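Trainee: My structure is stored as structure-v1.pdb, with PDB, C-alpha atoms.
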```
ATOM      1  CA  MET A   1      57.077  -8.278  22.556
ATOM      2  CA  THR A   2      58.650  -7.554  19.165
ATOM      3  CA  ALA A   3      58.591  -8.958  15.627
ATOM      4  CA  ASP A   4      62.201 -10.022  16.296
ATOM      5  CA  ARG A   5      61.087 -12.447  18.981
ATOM      6  CA  VAL A   6      58.293 -13.797  16.788
ATOM      7  CA  PHE A   7      60.732 -14.471  13.932
ATOM      8  CA  HIS A   8      63.216 -16.060  16.326
ATOM      9  CA  ALA A   9      60.436 -18.316  17.651
ATOM     10  CA  LEU A  10      59.290 -19.330  14.151
ATOM     11  CA  GLY A  11      62.863 -19.907  12.965
ATOM     12  CA  ASP A  12      62.647 -23.294  14.686
ATOM     13  CA  PRO A  13      60.961 -26.128  12.710
ATOM     14  CA  THR A  14      59.426 -27.823  15.776
ATOM     15  CA  ARG A  15      57.842 -24.562  16.909
ATOM     16  CA  ARG A  16      56.477 -23.977  13.390
ATOM     17  CA  ALA A  17      55.013 -27.512  13.499
ATOM     18  CA  ILE A  18      53.324 -26.696  16.835
ATOM     19  CA  VAL A  19      51.798 -23.506  15.401
ATOM     20  CA  GLU A  20      50.639 -25.383  12.285
ATOM     21  CA  LYS A  21      49.019 -28.059  14.444
ATOM     22  CA  LEU A  22      47.269 -25.421  16.583
ATOM     23  CA  GLY A  23      45.932 -23.876  13.370
ATOM     24  CA  ASP A  24      43.506 -26.833  13.341
ATOM     25  CA  GLY A  25      42.179 -25.840  16.767
ATOM     26  CA  PRO A  26      43.084 -25.858  20.479
ATOM     27  CA  THR A  27      44.584 -29.021  21.919
ATOM     28  CA  SER A  28      46.346 -30.342  25.026
ATOM     29  CA  VAL A  29      50.128 -30.337  25.534
ATOM     30  CA  SER A  30      50.313 -34.139  25.466
ATOM     31  CA  ARG A  31      48.327 -34.397  22.208
ATOM     32  CA  LEU A  32      50.693 -31.822  20.731
ATOM     33  CA  ALA A  33      53.800 -33.788  21.768
ATOM     34  CA  GLU A  34      52.742 -37.198  20.361
ATOM     35  CA  PRO A  35      52.892 -36.647  16.565
ATOM     36  CA  LEU A  36      55.966 -34.390  16.858
ATOM     37  CA  GLY A  37      58.039 -37.197  18.338
ATOM     38  CA  VAL A  38      59.509 -34.938  21.027
ATOM     39  CA  THR A  39      59.343 -35.202  24.812
ATOM     40  CA  LEU A  40      56.693 -33.423  26.852
ATOM     41  CA  THR A  41      59.449 -31.361  28.465
ATOM     42  CA  ALA A  42      60.668 -30.177  25.050
ATOM     43  CA  VAL A  43      57.139 -29.253  23.955
ATOM     44  CA  VAL A  44      56.574 -27.300  27.172
ATOM     45  CA  GLN A  45      59.805 -25.352  26.549
ATOM     46  CA  HIS A  46      58.809 -24.602  22.943
ATOM     47  CA  LEU A  47      55.338 -23.543  24.094
ATOM     48  CA  GLN A  48      56.941 -21.147  26.587
ATOM     49  CA  VAL A  49      58.856 -19.432  23.756
ATOM     50  CA  LEU A  50      55.695 -19.278  21.608
ATOM     51  CA  GLU A  51      53.683 -17.918  24.528
ATOM     52  CA  ASP A  52      56.310 -15.265  25.348
ATOM     53  CA  CYS A  53      56.073 -13.799  21.844
ATOM     54  CA  GLY A  54      52.274 -13.871  21.648
ATOM     55  CA  LEU A  55      51.787 -16.695  19.147
ATOM     56  CA  VAL A  56      50.250 -19.192  21.556
ATOM     57  CA  HIS A  57      48.119 -18.968  24.665
ATOM     58  CA  THR A  58      48.028 -21.818  27.167
ATOM     59  CA  GLU A  59      45.603 -22.295  30.009
ATOM     60  CA  LYS A  60      45.446 -24.952  32.708
ATOM     61  CA  LEU A  61      41.984 -26.345  33.374
ATOM     62  CA  GLY A  62      42.123 -28.957  36.101
ATOM     63  CA  ARG A  63      45.003 -31.301  35.233
ATOM     64  CA  VAL A  64      45.057 -30.512  31.506
ATOM     65  CA  ARG A  65      46.932 -27.582  29.943
ATOM     66  CA  THR A  66      45.170 -26.496  26.749
ATOM     67  CA  CYS A  67      46.973 -24.559  24.014
ATOM     68  CA  ARG A  68      45.519 -22.319  21.318
ATOM     69  CA  LEU A  69      46.852 -19.755  18.854
ATOM     70  CA  ASP A  70      47.058 -16.174  20.067
ATOM     71  CA  SER A  71      46.477 -13.402  17.536
ATOM     72  CA  ALA A  72      48.976 -10.888  19.015
ATOM     73  CA  GLY A  73      52.094 -12.512  17.527
ATOM     74  CA  PHE A  74      50.421 -12.964  14.133
ATOM     75  CA  LYS A  75      49.423  -9.311  14.068
ATOM     76  CA  LEU A  76      53.049  -8.329  14.765
ATOM     77  CA  LEU A  77      54.204 -10.522  11.858
ATOM     78  CA  GLU A  78      51.585  -9.073   9.532
ATOM     79  CA  LYS A  79      52.581  -5.534  10.516
ATOM     80  CA  TRP A  80      56.273  -6.276   9.949
ATOM     81  CA  ILE A  81      55.521  -7.635   6.458
ATOM     82  CA  ALA A  82      53.199  -4.719   5.649
ATOM     83  CA  ASP A  83      55.836  -2.200   6.800
ATOM     84  CA  ARG A  84      58.453  -3.751   4.500
ATOM     85  CA  ARG A  85      56.063  -3.879   1.594
ATOM     86  CA  SER A  86      54.648  -0.399   2.160
ATOM     87  CA  GLY A  87      57.239   1.322  -0.007
ATOM     88  CA  TRP A  88      58.191   0.860  -3.635
ATOM     89  CA  GLU A  89      57.468  -2.901  -3.570
ATOM     90  CA  ARG A  90      53.785  -2.377  -2.865
ATOM     91  CA  ARG A  91      53.639   0.296  -5.564
ATOM     92  CA  LEU A  92      55.119  -2.232  -8.010
ATOM     93  CA  ASP A  93      52.430  -4.769  -7.045
ATOM     94  CA  ARG A  94      49.689  -2.213  -7.659
ATOM     95  CA  LEU A  95      51.184  -1.334 -11.011
ATOM     96  CA  GLY A  96      51.137  -5.024 -11.938
ATOM     97  CA  GLU A  97      47.507  -5.348 -10.870
ATOM     98  CA  LEU A  98      46.536  -2.278 -12.905
ATOM     99  CA  LEU A  99      48.230  -3.726 -15.974
ATOM    100  CA  VAL A 100      46.310  -7.026 -15.820
ATOM    101  CA  GLU A 101      42.958  -5.611 -14.674
ATOM    102  CA  PRO A 102      40.276  -5.532 -17.379
ATOM    103  CA  ARG A 103      38.882  -2.059 -17.965
ATOM    104  CA  GLU A 104      35.389  -1.336 -16.729
ATOM    105  CA  GLY A 105      32.556   0.144 -18.805
TER
ATOM    106  CA  MET B 106      60.600 -22.424  -2.188
ATOM    107  CA  THR B 107      58.577 -22.929   0.969
ATOM    108  CA  ALA B 108      57.429 -20.899   3.981
ATOM    109  CA  ASP B 109      59.850 -23.057   5.988
ATOM    110  CA  ARG B 110      62.828 -21.615   4.145
ATOM    111  CA  VAL B 111      61.495 -18.069   4.503
ATOM    112  CA  PHE B 112      61.111 -18.487   8.272
ATOM    113  CA  HIS B 113      64.556 -20.056   8.527
ATOM    114  CA  ALA B 114      66.006 -17.083   6.612
ATOM    115  CA  LEU B 115      64.232 -14.524   8.806
ATOM    116  CA  GLY B 116      65.176 -16.347  12.013
ATOM    117  CA  ASP B 117      68.590 -14.651  11.685
ATOM    118  CA  PRO B 118      68.834 -11.057  13.045
ATOM    119  CA  THR B 119      71.373  -9.897  10.404
ATOM    120  CA  ARG B 120      69.144 -11.129   7.584
ATOM    121  CA  ARG B 121      66.132  -9.397   9.142
ATOM    122  CA  ALA B 122      68.220  -6.194   9.328
ATOM    123  CA  ILE B 123      69.054  -6.556   5.603
ATOM    124  CA  VAL B 124      65.365  -6.971   4.715
ATOM    125  CA  GLU B 125      64.425  -3.989   6.909
ATOM    126  CA  LYS B 126      67.084  -1.842   5.209
ATOM    127  CA  LEU B 127      65.860  -2.907   1.753
ATOM    128  CA  GLY B 128      62.365  -1.864   2.792
ATOM    129  CA  ASP B 129      63.616   1.709   2.301
ATOM    130  CA  GLY B 130      64.491   0.961  -1.330
ATOM    131  CA  PRO B 131      67.048  -0.887  -3.494
ATOM    132  CA  THR B 132      70.731  -0.478  -2.637
ATOM    133  CA  SER B 133      74.156  -1.924  -3.420
ATOM    134  CA  VAL B 134      75.784  -4.797  -1.519
ATOM    135  CA  SER B 135      78.530  -2.559  -0.132
ATOM    136  CA  ARG B 136      76.077   0.074   1.133
ATOM    137  CA  LEU B 137      74.161  -2.738   2.810
ATOM    138  CA  ALA B 138      77.279  -4.091   4.553
ATOM    139  CA  GLU B 139      78.527  -0.786   6.051
ATOM    140  CA  PRO B 140      75.889  -0.021   8.737
ATOM    141  CA  LEU B 141      75.515  -3.702   9.645
ATOM    142  CA  GLY B 142      79.153  -3.937  10.694
ATOM    143  CA  VAL B 143      79.669  -7.243   8.884
ATOM    144  CA  THR B 144      82.060  -8.184   6.092
ATOM    145  CA  LEU B 145      81.094  -8.031   2.442
ATOM    146  CA  THR B 146      81.542 -11.813   2.267
ATOM    147  CA  ALA B 147      79.070 -12.309   5.109
ATOM    148  CA  VAL B 148      76.517 -10.003   3.496
ATOM    149  CA  VAL B 149      76.848 -11.836   0.173
ATOM    150  CA  GLN B 150      76.192 -15.146   1.963
ATOM    151  CA  HIS B 151      73.148 -13.736   3.772
ATOM    152  CA  LEU B 152      71.858 -12.271   0.494
ATOM    153  CA  GLN B 153      72.190 -15.691  -1.140
ATOM    154  CA  VAL B 154      69.939 -17.227   1.545
ATOM    155  CA  LEU B 155      67.435 -14.369   1.163
ATOM    156  CA  GLU B 156      67.499 -14.695  -2.622
ATOM    157  CA  ASP B 157      67.016 -18.491  -2.482
ATOM    158  CA  CYS B 158      63.765 -18.105  -0.526
ATOM    159  CA  GLY B 159      62.382 -15.258  -2.657
ATOM    160  CA  LEU B 160      62.734 -12.371  -0.201
ATOM    161  CA  VAL B 161      65.429 -10.494  -2.113
ATOM    162  CA  HIS B 162      66.377 -10.105  -5.746
ATOM    163  CA  THR B 163      69.909  -9.072  -6.709
ATOM    164  CA  GLU B 164      71.105  -7.945 -10.108
ATOM    165  CA  LYS B 165      74.593  -7.078 -11.322
ATOM    166  CA  LEU B 166      74.795  -3.936 -13.431
ATOM    167  CA  GLY B 167      78.382  -3.325 -14.511
ATOM    168  CA  ARG B 168      80.528  -3.656 -11.378
ATOM    169  CA  VAL B 169      77.734  -2.994  -8.888
ATOM    170  CA  ARG B 170      75.331  -5.627  -7.554
ATOM    171  CA  THR B 171      72.019  -4.009  -6.635
ATOM    172  CA  CYS B 172      69.603  -5.623  -4.165
ATOM    173  CA  ARG B 173      65.880  -5.097  -3.785
ATOM    174  CA  LEU B 174      63.023  -6.840  -1.998
ATOM    175  CA  ASP B 175      61.258  -9.605  -3.905
ATOM    176  CA  SER B 176      57.538 -10.085  -3.302
ATOM    177  CA  ALA B 177      57.509 -13.899  -3.682
ATOM    178  CA  GLY B 178      58.857 -14.653  -0.192
ATOM    179  CA  PHE B 179      56.570 -12.099   1.435
ATOM    180  CA  LYS B 180      53.553 -13.605  -0.283
ATOM    181  CA  LEU B 181      54.520 -17.044   1.071
ATOM    182  CA  LEU B 182      54.755 -15.584   4.585
ATOM    183  CA  GLU B 183      51.395 -13.861   4.261
ATOM    184  CA  LYS B 184      49.795 -17.069   2.994
ATOM    185  CA  TRP B 185      51.275 -19.086   5.879
ATOM    186  CA  ILE B 186      49.887 -16.591   8.406
ATOM    187  CA  ALA B 187      46.493 -16.458   6.671
ATOM    188  CA  ASP B 188      46.288 -20.275   6.605
ATOM    189  CA  ARG B 189      46.936 -20.460  10.356
ATOM    190  CA  ARG B 190      44.420 -17.742  11.111
ATOM    191  CA  SER B 191      41.764 -19.044   8.740
ATOM    192  CA  GLY B 192      40.152 -21.291  11.331
ATOM    193  CA  TRP B 193      38.619 -20.525  14.667
ATOM    194  CA  GLU B 194      41.121 -17.743  15.429
ATOM    195  CA  ARG B 195      39.906 -15.599  12.551
ATOM    196  CA  ARG B 196      36.324 -16.294  13.549
ATOM    197  CA  LEU B 197      37.160 -15.062  17.044
ATOM    198  CA  ASP B 198      38.628 -11.856  15.563
ATOM    199  CA  ARG B 199      35.474 -11.257  13.541
ATOM    200  CA  LEU B 200      33.340 -11.826  16.601
ATOM    201  CA  GLY B 201      35.424  -9.245  18.464
ATOM    202  CA  GLU B 202      35.038  -6.744  15.628
ATOM    203  CA  LEU B 203      31.281  -7.285  15.529
ATOM    204  CA  LEU B 204      31.043  -6.678  19.250
ATOM    205  CA  VAL B 205      32.834  -3.323  19.120
ATOM    206  CA  GLU B 206      31.360  -2.090  15.804
ATOM    207  CA  PRO B 207      28.811   0.701  16.209
ATOM    208  CA  ARG B 208      25.425  -0.126  14.705
ATOM    209  CA  GLU B 209      24.445   1.592  11.486
ATOM    210  CA  GLY B 210      21.236   3.517  10.931
TER
END
```
Output the file's structure in the form of structure tokens.
Mentor:
Amino acid sequence: MTADRVFHALGDPTRRAIVEKLGDGPTSVSRLAEPLGVTLTAVVQHLQVLEDCGLVHTEKLGRVRTCRLDSAGFKLLEKWIADRRSGWERRLDRLGELLVEPREG
Amino acid sequence: MTADRVFHALGDPTRRAIVEKLGDGPTSVSRLAEPLGVTLTAVVQHLQVLEDCGLVHTEKLGRVRTCRLDSAGFKLLEKWIADRRSGWERRLDRLGELLVEPREG
């Protein structure tokens, strides 16, 4: 599982829409498919990609497959961003914050 | 400028490689092209996409165009991730942290 796979997964607008929808809370595959206007088969395929890169977790309870966000993929994304920003860019940000911060005392 | 455009931009492996390289510090377009094994024209096109979504800033000084990371796109990404995780998922994380935290006193 790498940041590359997470970015590939989120490069697709339908998969981003699925993740945004799941941000509101867990839901079933069929409820996910309805507002997206895509077939159940397509949603299942997208969910597989999202599950493989740790953004979504799905679980079958009886006849209903429930989907929820998984933190692993998000943590990878956050780490990738933090690693890029850890150098001079982050130092620039801090400098900016220092310049606008009111002095104490 | 939206998170959608940032994710589209980073869905491409060459553009991710450019951003990763720029994480080490600003550099010229030609120095960026060499290790990637792509043409200057291709790099310029990728840089345009990255610049349009606020991930990269380029500036021409004399005959050399210098590229550096831009914080705007990264902030959009971070906000998108935070918005997704702000619901039940974040609460789950906090619960997990509470459960493993040693008690004070």
Trainee: Find the residues in chain A near chain B: any atom within 6 Å counts, using all atoms listed in the file. Write them as an NGL selection string.
Mentor: :A and (7-8 or 11 or 23 or 84)
Trainee: Apply the PyMOL selection byres ((chain A and resi 44) around 12) to the file shown and report the selected residues as an NGL selection string.
Mentor: :A and (14-15 or 18 or 28-33 or 38-43 or 45-51 or 56 or 58 or 65-67)
Trainee: Could you jot down the CA of Cys53 in chain A to CA of Ala72 in chain A separation for me, Å, one decimal place?
Mentor: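 CA of Cys53 in chain A sits 8.2 Å away from CA of Ala72 in chain A.
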Trainee: What is the distance, in Å and to one decimal place, between CA of Lys79 in chain A and CA of Thr2 in chain A?
Mentor: 10.8 Å
Trainee: For a test of reading the model, state the distance in Å between CA of Val64 in chain A and CA of Gly201 in chain B, rounded to one decimal.
Mentor: 26.7 Å
